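Next up, work.cif (mmCIF, C-alpha atoms):
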```cif
data_protein
loop_
_atom_site.label_atom_id
_atom_site.label_comp_id
_atom_site.auth_asym_id
_atom_site.auth_seq_id
_atom_site.Cartn_x
_atom_site.Cartn_y
_atom_site.Cartn_z
CA MET A 1 -2.76 -19.25 -10.29
CA LYS A 2 -4.17 -16.27 -12.11
CA THR A 3 -7.91 -16.80 -12.54
CA LYS A 4 -9.80 -15.74 -15.64
CA SER A 5 -11.56 -12.40 -15.99
CA THR A 6 -13.74 -11.55 -18.97
CA LYS A 7 -11.95 -10.85 -22.21
CA ARG A 8 -13.80 -7.55 -22.58
CA GLU A 9 -12.63 -6.33 -19.17
CA LEU A 10 -9.02 -7.28 -19.80
CA LEU A 11 -8.93 -5.70 -23.26
CA LYS A 12 -10.47 -2.48 -22.04
CA ALA A 13 -8.14 -2.29 -19.05
CA ALA A 14 -5.14 -2.99 -21.23
CA ALA A 15 -6.19 -0.30 -23.71
CA VAL A 16 -6.62 2.37 -21.05
CA GLY A 17 -3.38 1.34 -19.37
CA ALA A 18 -1.53 1.43 -22.69
CA VAL A 19 -2.74 4.97 -23.33
CA PHE A 20 -1.50 6.07 -19.93
CA SER A 21 1.85 4.33 -20.16
CA GLY A 22 2.52 6.06 -23.47
CA ILE A 23 2.19 9.54 -21.96
CA ASN A 24 5.40 11.27 -20.93
CA ALA A 25 5.99 12.69 -17.47
CA SER A 26 4.69 16.17 -18.34
CA GLY A 27 1.36 14.79 -19.52
CA ALA A 28 0.78 12.15 -16.87
CA SER A 29 -0.82 14.38 -14.27
CA ALA A 30 -3.27 15.92 -16.72
CA TRP A 31 -4.54 12.53 -17.87
CA ALA A 32 -4.54 10.61 -14.61
CA GLY A 33 -7.98 11.47 -13.34
CA LYS A 34 -9.88 10.92 -16.60
CA ALA A 35 -10.28 7.15 -16.59
CA GLY A 36 -12.74 6.94 -13.73
CA GLY A 37 -11.59 5.24 -10.58
CA GLY A 38 -14.80 4.57 -8.69
CA LYS A 39 -14.63 4.87 -4.93
CA LEU A 40 -11.26 3.21 -4.47
CA LYS A 41 -8.46 5.54 -3.37
CA LEU A 42 -5.09 5.24 -5.08
CA GLY A 43 -1.89 6.19 -3.32
CA LEU A 44 1.82 5.55 -3.02
CA ALA A 45 3.91 3.58 -0.57
CA SER A 46 6.93 5.88 -0.72
CA TYR A 47 9.40 2.98 -0.53
CA THR A 48 8.79 2.90 -4.28
CA PHE A 49 10.87 6.09 -4.57
CA ARG A 50 13.42 5.11 -1.92
CA LYS A 51 16.31 6.41 -4.06
CA PHE A 52 14.76 9.87 -4.32
CA ASP A 53 14.36 12.63 -1.75
CA LEU A 54 11.03 13.85 -0.38
CA ASP A 55 10.64 16.74 -2.81
CA GLU A 56 11.25 14.48 -5.81
CA THR A 57 8.90 11.86 -4.37
CA ILE A 58 6.11 14.39 -3.91
CA LYS A 59 6.62 15.73 -7.44
CA MET A 60 6.51 12.29 -9.08
CA THR A 61 3.53 11.16 -7.01
CA LYS A 62 1.56 14.18 -8.19
CA GLN A 63 2.70 13.80 -11.82
CA ILE A 64 1.36 10.25 -11.87
CA GLY A 65 -1.92 11.48 -10.43
CA LEU A 66 -1.95 9.76 -7.04
CA GLU A 67 -3.63 11.59 -4.17
CA TYR A 68 -2.52 9.63 -1.10
CA ILE A 69 0.92 8.82 0.24
CA CYS A 70 2.33 6.69 3.04
CA LEU A 71 5.85 7.83 3.94
CA LYS A 72 8.69 5.45 4.68
CA SER A 73 11.51 6.48 7.01
CA MET A 74 13.85 7.63 4.22
CA HIS A 75 11.31 10.36 3.50
CA MET A 76 10.15 10.98 7.08
CA PRO A 77 12.95 9.84 9.39
CA MET A 78 12.01 8.19 12.67
CA GLU A 79 14.67 10.21 14.50
CA SER A 80 13.15 13.56 13.43
CA THR A 81 12.16 16.05 16.08
CA PRO A 82 8.46 16.83 16.57
CA ALA A 83 8.95 20.12 14.74
CA GLU A 84 10.66 18.38 11.84
CA LEU A 85 7.87 15.81 11.57
CA GLN A 86 5.25 18.55 11.58
CA ALA A 87 7.15 20.37 8.83
CA ILE A 88 7.33 17.23 6.68
CA ALA A 89 3.62 16.59 7.12
CA ALA A 90 2.85 20.21 6.26
CA LYS A 91 4.97 19.98 3.08
CA VAL A 92 2.98 16.94 1.95
CA ARG A 93 -0.35 18.63 2.69
CA ASP A 94 0.70 21.88 1.03
CA ALA A 95 1.53 19.89 -2.11
CA GLY A 96 -2.08 18.69 -2.22
CA LEU A 97 -1.42 15.11 -1.10
CA VAL A 98 -3.08 13.25 1.76
CA LEU A 99 -0.55 11.77 4.19
CA HIS A 100 -2.55 8.71 5.12
CA GLY A 101 0.14 6.81 7.04
CA GLY A 102 3.74 6.02 7.80
CA GLY A 103 5.84 2.90 7.72
CA VAL A 104 6.74 0.13 7.68
CA VAL A 105 7.73 0.86 11.31
CA LYS A 106 9.61 -1.85 13.21
CA MET A 107 8.08 -2.70 16.60
CA LYS A 108 10.22 -5.54 17.93
CA LYS A 109 10.99 -3.94 21.31
CA PRO A 110 8.85 -1.94 23.79
CA GLN A 111 10.94 1.17 23.17
CA GLU A 112 10.33 0.87 19.44
CA ILE A 113 6.60 0.74 20.10
CA ASP A 114 6.80 3.87 22.26
CA ALA A 115 8.86 5.64 19.60
CA GLY A 116 6.50 4.58 16.81
CA PHE A 117 3.39 5.95 18.46
CA GLU A 118 5.12 9.21 19.37
CA TYR A 119 6.25 9.42 15.73
CA ALA A 120 2.63 9.04 14.62
CA LYS A 121 1.41 11.65 17.09
CA ASN A 122 4.01 14.24 16.12
CA ALA A 123 3.45 13.74 12.38
CA GLY A 124 -0.33 13.75 12.77
CA LEU A 125 -0.68 10.22 11.41
CA LYS A 126 -3.80 8.16 12.00
CA MET A 127 -2.26 4.93 10.68
CA LEU A 128 1.07 3.16 10.98
CA VAL A 129 2.11 0.19 8.84
CA ILE A 130 4.10 -1.96 11.23
CA SER A 131 6.31 -5.02 11.59
CA PRO A 132 5.80 -6.12 15.21
CA ASP A 133 6.90 -8.89 17.52
CA PRO A 134 3.72 -10.95 18.07
CA LYS A 135 4.55 -11.21 21.78
CA LEU A 136 4.19 -7.42 22.05
CA LEU A 137 0.67 -7.22 20.64
CA PRO A 138 -0.83 -6.64 24.12
CA LEU A 139 1.32 -3.51 24.48
CA ILE A 140 0.41 -2.38 20.97
CA ASP A 141 -3.25 -2.89 21.87
CA THR A 142 -2.80 -0.54 24.82
CA LYS A 143 -1.10 2.05 22.60
CA VAL A 144 -3.74 2.10 19.85
CA LYS A 145 -6.30 2.92 22.51
CA GLU A 146 -4.13 5.57 24.13
CA TYR A 147 -3.14 7.31 20.88
CA ASP A 148 -6.19 6.46 18.73
CA VAL A 149 -3.87 5.32 15.94
CA THR A 150 -4.69 2.41 13.63
CA VAL A 151 -1.89 -0.08 13.00
CA ALA A 152 -1.65 -2.27 9.90
CA ILE A 153 0.61 -5.32 10.20
CA HIS A 154 2.56 -5.86 7.00
CA ASN A 155 3.02 -9.43 5.75
CA HIS A 156 6.35 -10.24 4.09
CA GLY A 157 5.73 -13.63 2.49
CA PRO A 158 8.34 -16.42 2.28
CA GLY A 159 11.01 -16.02 4.93
CA ASP A 160 8.68 -14.17 7.31
CA ASN A 161 8.16 -16.61 10.18
CA GLU A 162 5.69 -14.37 12.00
CA PHE A 163 3.44 -12.69 9.43
CA PRO A 164 3.94 -14.30 5.99
CA THR A 165 0.27 -13.66 5.13
CA PRO A 166 -2.52 -11.82 6.95
CA MET A 167 -4.37 -15.00 7.84
CA ALA A 168 -1.26 -16.42 9.47
CA ALA A 169 -1.85 -13.84 12.21
CA TYR A 170 -5.61 -13.34 12.01
CA ASP A 171 -6.52 -15.56 14.95
CA GLU A 172 -3.82 -13.88 17.02
CA ILE A 173 -5.02 -10.31 16.48
CA LYS A 174 -8.79 -10.74 16.35
CA LYS A 175 -8.93 -10.69 20.16
CA TYR A 176 -7.49 -7.16 20.20
CA ASP A 177 -8.89 -3.75 19.38
CA ALA A 178 -10.23 -3.49 15.83
CA ARG A 179 -7.69 -0.74 15.11
CA ILE A 180 -5.11 -3.52 14.97
CA GLY A 181 -5.32 -4.99 11.48
CA PHE A 182 -3.40 -5.62 8.31
CA CYS A 183 -1.58 -3.94 5.47
CA HIS A 184 -2.07 -6.72 2.96
CA ASP A 185 0.91 -6.94 0.62
CA ILE A 186 -0.75 -8.89 -2.16
CA GLY A 187 2.54 -9.58 -3.91
CA HIS A 188 4.07 -11.32 -0.91
CA THR A 189 0.90 -13.37 -0.42
CA MET A 190 1.09 -14.49 -4.05
CA ARG A 191 4.74 -15.44 -3.51
CA MET A 192 3.46 -17.84 -0.82
CA GLY A 193 1.40 -19.58 -3.51
CA ILE A 194 -1.82 -18.26 -1.96
CA ASP A 195 -4.50 -16.42 -3.91
CA PRO A 196 -4.36 -12.83 -2.58
CA VAL A 197 -7.97 -12.21 -3.57
CA GLU A 198 -9.21 -15.01 -1.32
CA GLU A 199 -6.85 -13.85 1.44
CA THR A 200 -8.28 -10.34 1.14
CA ILE A 201 -11.81 -11.66 1.57
CA ARG A 202 -10.83 -13.69 4.63
CA CYS A 203 -9.18 -10.78 6.43
CA ALA A 204 -11.56 -8.07 5.20
CA ASP A 205 -12.83 -7.05 8.64
CA ARG A 206 -9.24 -6.16 9.65
CA LEU A 207 -8.03 -4.76 6.34
CA HIS A 208 -6.65 -1.25 6.91
CA ASP A 209 -4.25 -0.85 3.98
CA VAL A 210 -3.21 -2.66 0.80
CA HIS A 211 0.24 -2.70 -0.77
CA PHE A 212 -0.82 -3.01 -4.37
CA LYS A 213 1.52 -4.66 -6.85
CA ASP A 214 2.04 -7.56 -9.22
CA VAL A 215 4.68 -10.31 -9.24
CA THR A 216 6.24 -12.50 -11.88
CA VAL A 217 5.45 -15.96 -10.44
CA ALA A 218 3.46 -17.41 -7.55
CA ALA A 219 6.56 -18.65 -5.75
CA LYS A 220 9.30 -17.45 -3.43
CA GLU A 221 11.41 -16.31 -6.37
CA GLY A 222 8.61 -14.05 -7.65
CA LYS A 223 9.77 -10.49 -8.37
CA SER A 224 7.97 -7.17 -8.52
CA CYS A 225 6.71 -6.31 -11.99
CA ILE A 226 4.43 -3.81 -13.69
CA THR A 227 0.84 -4.25 -12.59
CA GLY A 228 -1.08 -6.28 -15.14
CA ARG A 229 2.00 -8.07 -16.48
CA GLY A 230 2.32 -10.60 -13.66
CA VAL A 231 0.30 -13.47 -12.24
CA ILE A 232 -2.09 -11.65 -9.90
CA ASP A 233 -5.63 -11.29 -11.23
CA ILE A 234 -5.83 -7.50 -10.87
CA VAL A 235 -9.35 -7.32 -12.32
CA LYS A 236 -10.65 -9.77 -9.73
CA MET A 237 -8.74 -7.99 -6.96
CA VAL A 238 -10.20 -4.59 -7.81
CA ARG A 239 -13.70 -6.00 -8.17
CA THR A 240 -13.37 -7.75 -4.81
CA LEU A 241 -12.16 -4.63 -3.00
CA LYS A 242 -15.05 -2.63 -4.45
CA SER A 243 -17.55 -5.30 -3.46
CA LEU A 244 -16.15 -5.27 0.08
CA ASN A 245 -16.57 -1.48 0.19
CA TYR A 246 -12.92 -1.24 1.13
CA GLY A 247 -12.37 2.26 2.48
CA GLY A 248 -8.59 2.29 2.75
CA VAL A 249 -5.98 3.13 0.15
CA LEU A 250 -4.50 1.00 -2.61
CA SER A 251 -0.87 1.93 -1.98
CA PHE A 252 1.24 1.18 -5.03
CA GLU A 253 4.59 -0.28 -4.04
CA TYR A 254 6.98 -0.97 -6.89
CA GLU A 255 10.16 -2.64 -5.70
CA ALA A 256 12.17 -3.06 -8.90
CA GLU A 257 14.45 -0.52 -10.61
CA ASP A 258 13.28 2.44 -12.75
CA PRO A 259 10.17 2.96 -10.65
CA TYR A 260 8.70 6.08 -12.28
CA VAL A 261 7.78 4.74 -15.71
CA SER A 262 6.80 1.35 -14.29
CA LEU A 263 4.62 2.98 -11.64
CA ALA A 264 2.97 5.18 -14.26
CA GLU A 265 2.04 2.13 -16.34
CA SER A 266 0.87 0.26 -13.23
CA VAL A 267 -1.39 3.12 -12.19
CA GLY A 268 -2.68 3.51 -15.74
CA TYR A 269 -3.52 -0.17 -16.01
CA THR A 270 -5.28 -0.14 -12.63
CA ARG A 271 -7.34 2.91 -13.56
CA GLY A 272 -8.26 1.08 -16.75
CA VAL A 273 -9.47 -1.88 -14.71
CA MET A 274 -11.47 0.42 -12.43
CA ALA A 275 -13.09 2.06 -15.44
CA ALA A 276 -13.85 -1.29 -17.09
CA ILE A 277 -15.74 -2.73 -14.15
#
```

Output the file's structure as structure tokens, nothing else.
Amino acid sequence: MKTKSTKRELLKAAAVGAVFSGINASGASAWAGKAGGGKLKLGLASYTFRKFDLDETIKMTKQIGLEYICLKSMHMPMESTPAELQAIAAKVRDAGLVLHGGGVVKMKKPQEIDAGFEYAKNAGLKMLVISPDPKLLPLIDTKVKEYDVTVAIHNHGPGDNEFPTPMAAYDEIKKYDARIGFCHDIGHTMRMGIDPVEETIRCADRLHDVHFKDVTVAAKEGKSCITGRGVIDIVKMVRTLKSLNYGGVLSFEYEAEDPYVSLAESVGYTRGVMAAI
């Protein structure tokens, strides 16, 4: 399902990515900003470093040269006190990173919705990536207005009976406040056998976040892999997001083992693509 991009673009992207992937951890941060990047913002979905603590996650994110981070609960626990959440947010800011969101936050019950929005308020978040019960969208609509917090519904592909792709829920959410939108996980969409580029275009007016990754095959059994080595047309995806003037973050989410080196190569390849186009 991977569509063709020009040979020149692919070769240039691969060359830049290869240079980056060959740099060791101590040199990654120094190089990361030199390959361009255009107006797209690159960040981390911290689930990538789920086996590491917050301090290690911050350190590796900065070494790889990412500027934005969305914290998952293992790095910013839902049960934290307001003071603890404020301290975590301050630690991220003091490290020079932008805490652009939190999640994925489960919102299957009214009390989970209440807790999620209080979590956002106390951490100073303006966006939550969420996994909601569709029947509770009216309550979520009320909360986004009350708290002025954007929510991005995360699609989970095959096996997700509610939100397998963004467009599976588009008609349901378009009647609500525009702050209710999507975190488009392009890997899970590809695992549905659907072109994630076309899906991105169709849901563009509600696109608040992107979980950026590549997968091995366009089927349920597809696995996370280094960006540029799988079946998603990354060149076309980047070009499309730029043409849409997408203002959110490309949040790298690497779900396989040994995430640091694989993430470094993924970011390097993506910066190469951004420089090539």

With 12 Å as the cut-off and only C-alpha atoms counted, what is the closest atom pair between each nearby residue of range 53-147 of chain A and range 168-182 of chain A? Distances in Å to one decimal, ordered by chain and number, as JSON lines.
```
{"residue": "A:Val104", "atom": "CA", "partner": "A:Phe182", "partner_atom": "CA", "distance": 11.7}
{"residue": "A:Lys126", "atom": "CA", "partner": "A:Arg179", "partner_atom": "CA", "distance": 10.2}
{"residue": "A:Met127", "atom": "CA", "partner": "A:Arg179", "partner_atom": "CA", "distance": 9.0}
{"residue": "A:Leu128", "atom": "CA", "partner": "A:Ile180", "partner_atom": "CA", "distance": 9.9}
{"residue": "A:Val129", "atom": "CA", "partner": "A:Phe182", "partner_atom": "CA", "distance": 8.0}
{"residue": "A:Ile130", "atom": "CA", "partner": "A:Phe182", "partner_atom": "CA", "distance": 8.8}
{"residue": "A:Ser131", "atom": "CA", "partner": "A:Phe182", "partner_atom": "CA", "distance": 10.3}
{"residue": "A:Pro132", "atom": "CA", "partner": "A:Ile180", "partner_atom": "CA", "distance": 11.2}
{"residue": "A:Asp133", "atom": "CA", "partner": "A:Ala169", "partner_atom": "CA", "distance": 11.4}
{"residue": "A:Pro134", "atom": "CA", "partner": "A:Glu172", "partner_atom": "CA", "distance": 8.2}
{"residue": "A:Lys135", "atom": "CA", "partner": "A:Glu172", "partner_atom": "CA", "distance": 10.0}
{"residue": "A:Leu136", "atom": "CA", "partner": "A:Ile173", "partner_atom": "CA", "distance": 11.1}
{"residue": "A:Leu137", "atom": "CA", "partner": "A:Ile173", "partner_atom": "CA", "distance": 7.7}
{"residue": "A:Pro138", "atom": "CA", "partner": "A:Tyr176", "partner_atom": "CA", "distance": 7.7}
{"residue": "A:Leu139", "atom": "CA", "partner": "A:Tyr176", "partner_atom": "CA", "distance": 10.5}
{"residue": "A:Ile140", "atom": "CA", "partner": "A:Ile180", "partner_atom": "CA", "distance": 8.2}
{"residue": "A:Asp141", "atom": "CA", "partner": "A:Asp177", "partner_atom": "CA", "distance": 6.2}
{"residue": "A:Thr142", "atom": "CA", "partner": "A:Asp177", "partner_atom": "CA", "distance": 8.8}
{"residue": "A:Lys143", "atom": "CA", "partner": "A:Asp177", "partner_atom": "CA", "distance": 10.2}
{"residue": "A:Val144", "atom": "CA", "partner": "A:Arg179", "partner_atom": "CA", "distance": 6.8}
{"residue": "A:Lys145", "atom": "CA", "partner": "A:Asp177", "partner_atom": "CA", "distance": 7.8}
{"residue": "A:Glu146", "atom": "CA", "partner": "A:Asp177", "partner_atom": "CA", "distance": 11.5}
{"residue": "A:Tyr147", "atom": "CA", "partner": "A:Arg179", "partner_atom": "CA", "distance": 10.9}
```

For the interface of range 103-165 of chain A with range 187-206 of chain A (cut-off 9 Å, counting all atoms listed in the file), please tabulate each contacting residue of range 103-165 of chain A alongside its nearest pair of atoms and their separation in Å to one decimal, rows sorted by chain and increasing number, as CSV.
```
residue,atom,partner,partner_atom,distance
A:Ala152,CA,A:Arg206,CA,8.5
A:Asn155,CA,A:His188,CA,7.0
A:His156,CA,A:His188,CA,5.6
A:Gly157,CA,A:His188,CA,4.4
A:Pro158,CA,A:Met192,CA,6.0
A:Pro164,CA,A:Thr189,CA,7.2
A:Thr165,CA,A:Thr189,CA,5.6
```

Applied to this file, what does the PyMOL selection byres ((chain A and resi 247) around 8) return in terms of residues, put as a ChimeraX atom specification?
/A:40-41,245-246,248-249

For the provided coordinates, the residues matched by the PyMOL selection byres ((chain A and resi 48) around 12) should be stated as a PDB file with C-alpha atoms, in the coordinates of the input.
```
ATOM      1  CA  GLY A  43      -1.890   6.190  -3.320  1.00  0.00           C
ATOM      2  CA  LEU A  44       1.820   5.550  -3.020  1.00  0.00           C
ATOM      3  CA  ALA A  45       3.910   3.580  -0.570  1.00  0.00           C
ATOM      4  CA  SER A  46       6.930   5.880  -0.720  1.00  0.00           C
ATOM      5  CA  TYR A  47       9.400   2.980  -0.530  1.00  0.00           C
ATOM      6  CA  PHE A  49      10.870   6.090  -4.570  1.00  0.00           C
ATOM      7  CA  ARG A  50      13.420   5.110  -1.920  1.00  0.00           C
ATOM      8  CA  LYS A  51      16.310   6.410  -4.060  1.00  0.00           C
ATOM      9  CA  PHE A  52      14.760   9.870  -4.320  1.00  0.00           C
ATOM     10  CA  ASP A  53      14.360  12.630  -1.750  1.00  0.00           C
ATOM     11  CA  LEU A  54      11.030  13.850  -0.380  1.00  0.00           C
ATOM     12  CA  GLU A  56      11.250  14.480  -5.810  1.00  0.00           C
ATOM     13  CA  THR A  57       8.900  11.860  -4.370  1.00  0.00           C
ATOM     14  CA  ILE A  58       6.110  14.390  -3.910  1.00  0.00           C
ATOM     15  CA  MET A  60       6.510  12.290  -9.080  1.00  0.00           C
ATOM     16  CA  THR A  61       3.530  11.160  -7.010  1.00  0.00           C
ATOM     17  CA  ILE A  69       0.920   8.820   0.240  1.00  0.00           C
ATOM     18  CA  CYS A  70       2.330   6.690   3.040  1.00  0.00           C
ATOM     19  CA  LEU A  71       5.850   7.830   3.940  1.00  0.00           C
ATOM     20  CA  LYS A  72       8.690   5.450   4.680  1.00  0.00           C
ATOM     21  CA  MET A  74      13.850   7.630   4.220  1.00  0.00           C
ATOM     22  CA  HIS A  75      11.310  10.360   3.500  1.00  0.00           C
ATOM     23  CA  HIS A 211       0.240  -2.700  -0.770  1.00  0.00           C
ATOM     24  CA  PHE A 212      -0.820  -3.010  -4.370  1.00  0.00           C
ATOM     25  CA  LYS A 213       1.520  -4.660  -6.850  1.00  0.00           C
ATOM     26  CA  SER A 224       7.970  -7.170  -8.520  1.00  0.00           C
ATOM     27  CA  SER A 251      -0.870   1.930  -1.980  1.00  0.00           C
ATOM     28  CA  PHE A 252       1.240   1.180  -5.030  1.00  0.00           C
ATOM     29  CA  GLU A 253       4.590  -0.280  -4.040  1.00  0.00           C
ATOM     30  CA  TYR A 254       6.980  -0.970  -6.890  1.00  0.00           C
ATOM     31  CA  GLU A 255      10.160  -2.640  -5.700  1.00  0.00           C
ATOM     32  CA  ALA A 256      12.170  -3.060  -8.900  1.00  0.00           C
ATOM     33  CA  GLU A 257      14.450  -0.520 -10.610  1.00  0.00           C
ATOM     34  CA  ASP A 258      13.280   2.440 -12.750  1.00  0.00           C
ATOM     35  CA  PRO A 259      10.170   2.960 -10.650  1.00  0.00           C
ATOM     36  CA  TYR A 260       8.700   6.080 -12.280  1.00  0.00           C
ATOM     37  CA  VAL A 261       7.780   4.740 -15.710  1.00  0.00           C
ATOM     38  CA  SER A 262       6.800   1.350 -14.290  1.00  0.00           C
ATOM     39  CA  LEU A 263       4.620   2.980 -11.640  1.00  0.00           C
ATOM     40  CA  ALA A 264       2.970   5.180 -14.260  1.00  0.00           C
TER      41      ALA A 264
END
```

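Atom to atom, CA of Glu79 in chain A and CA of Tyr119 in chain A stand 8.5 Å apart.
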
By how many Å are CA of Ile153 in chain A and CA of Met107 in chain A apart?
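CA of Met107 in chain A lies at a distance of 10.2 Å from CA of Ile153 in chain A.
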
For CA of Leu244 in chain A and CA of Gly124 in chain A, the interatomic separation in Å (one decimal)
27.8 Å

For Gly230 in chain A, work out the shell of residues within 9 Å, counting only C-alpha atoms and skipping chain neighbours fewer than 6 positions away, then give it as a list in words.
Lys2, Asp214, Val215, Thr216, Val217 and Ser224 of chain A

Explicit residues for the PyMOL selection byres ((chain A and resi 116) around 9) (as an mmCIF file with C-alpha atoms, in the frame of the given file):
```cif
data_model
loop_
_atom_site.group_PDB
_atom_site.id
_atom_site.type_symbol
_atom_site.label_atom_id
_atom_site.label_comp_id
_atom_site.auth_asym_id
_atom_site.auth_seq_id
_atom_site.Cartn_x
_atom_site.Cartn_y
_atom_site.Cartn_z
ATOM 1 C CA MET A 78 12.010 8.190 12.670
ATOM 2 C CA VAL A 105 7.730 0.860 11.310
ATOM 3 C CA LYS A 106 9.610 -1.850 13.210
ATOM 4 C CA MET A 107 8.080 -2.700 16.600
ATOM 5 C CA GLN A 111 10.940 1.170 23.170
ATOM 6 C CA GLU A 112 10.330 0.870 19.440
ATOM 7 C CA ILE A 113 6.600 0.740 20.100
ATOM 8 C CA ASP A 114 6.800 3.870 22.260
ATOM 9 C CA ALA A 115 8.860 5.640 19.600
ATOM 10 C CA PHE A 117 3.390 5.950 18.460
ATOM 11 C CA GLU A 118 5.120 9.210 19.370
ATOM 12 C CA TYR A 119 6.250 9.420 15.730
ATOM 13 C CA ALA A 120 2.630 9.040 14.620
ATOM 14 C CA LYS A 121 1.410 11.650 17.090
ATOM 15 C CA LEU A 128 1.070 3.160 10.980
ATOM 16 C CA ILE A 130 4.100 -1.960 11.230
#
```

Since the input has fewer atoms than a full residue there, write range 255-276 of chain A out with N, CA and C atoms, as a compact mmCIF listing (two decimals), keeping the file's coordinate frame.
```txt
# COMPACT_ATOMS: atom_id res chain seq x y z
N GLU A 255 8.89 -2.37 -6.36
CA GLU A 255 10.16 -2.64 -5.70
C GLU A 255 11.34 -2.84 -6.64
N ALA A 256 11.09 -2.87 -7.95
CA ALA A 256 12.17 -3.06 -8.90
C ALA A 256 12.81 -1.71 -9.27
N GLU A 257 13.77 -1.74 -10.20
CA GLU A 257 14.45 -0.52 -10.61
C GLU A 257 13.57 0.30 -11.56
N ASP A 258 14.00 1.53 -11.85
CA ASP A 258 13.28 2.44 -12.75
C ASP A 258 11.81 2.56 -12.36
N PRO A 259 11.54 3.02 -11.14
CA PRO A 259 10.17 2.96 -10.65
C PRO A 259 9.20 3.92 -11.32
N TYR A 260 9.66 5.07 -11.81
CA TYR A 260 8.70 6.08 -12.28
C TYR A 260 7.85 5.59 -13.45
N VAL A 261 8.51 5.17 -14.52
CA VAL A 261 7.78 4.74 -15.71
C VAL A 261 6.95 3.50 -15.40
N SER A 262 7.53 2.57 -14.64
CA SER A 262 6.80 1.35 -14.29
C SER A 262 5.60 1.65 -13.41
N LEU A 263 5.75 2.58 -12.48
CA LEU A 263 4.62 2.98 -11.64
C LEU A 263 3.54 3.65 -12.48
N ALA A 264 3.95 4.51 -13.40
CA ALA A 264 2.97 5.18 -14.26
C ALA A 264 2.13 4.17 -15.03
N GLU A 265 2.78 3.16 -15.60
CA GLU A 265 2.04 2.13 -16.34
C GLU A 265 1.15 1.33 -15.39
N SER A 266 1.65 1.03 -14.21
CA SER A 266 0.87 0.26 -13.23
C SER A 266 -0.39 1.02 -12.82
N VAL A 267 -0.24 2.31 -12.56
CA VAL A 267 -1.39 3.12 -12.19
C VAL A 267 -2.35 3.23 -13.36
N GLY A 268 -1.82 3.43 -14.56
CA GLY A 268 -2.68 3.51 -15.74
C GLY A 268 -3.48 2.24 -15.96
N TYR A 269 -2.82 1.11 -15.83
CA TYR A 269 -3.52 -0.17 -16.01
C TYR A 269 -4.62 -0.32 -14.95
N THR A 270 -4.30 0.02 -13.71
CA THR A 270 -5.28 -0.14 -12.63
C THR A 270 -6.46 0.79 -12.84
N ARG A 271 -6.21 2.01 -13.26
CA ARG A 271 -7.34 2.91 -13.56
C ARG A 271 -8.18 2.36 -14.71
N GLY A 272 -7.52 1.71 -15.67
CA GLY A 272 -8.26 1.08 -16.75
C GLY A 272 -9.17 -0.03 -16.24
N VAL A 273 -8.66 -0.83 -15.32
CA VAL A 273 -9.47 -1.88 -14.71
C VAL A 273 -10.66 -1.27 -13.98
N MET A 274 -10.40 -0.22 -13.21
CA MET A 274 -11.47 0.42 -12.43
C MET A 274 -12.54 0.99 -13.36
N ALA A 275 -12.12 1.54 -14.49
CA ALA A 275 -13.09 2.06 -15.44
C ALA A 275 -13.88 0.96 -16.13
N ALA A 276 -13.21 -0.19 -16.35
CA ALA A 276 -13.85 -1.29 -17.09
C ALA A 276 -14.92 -2.00 -16.28
```
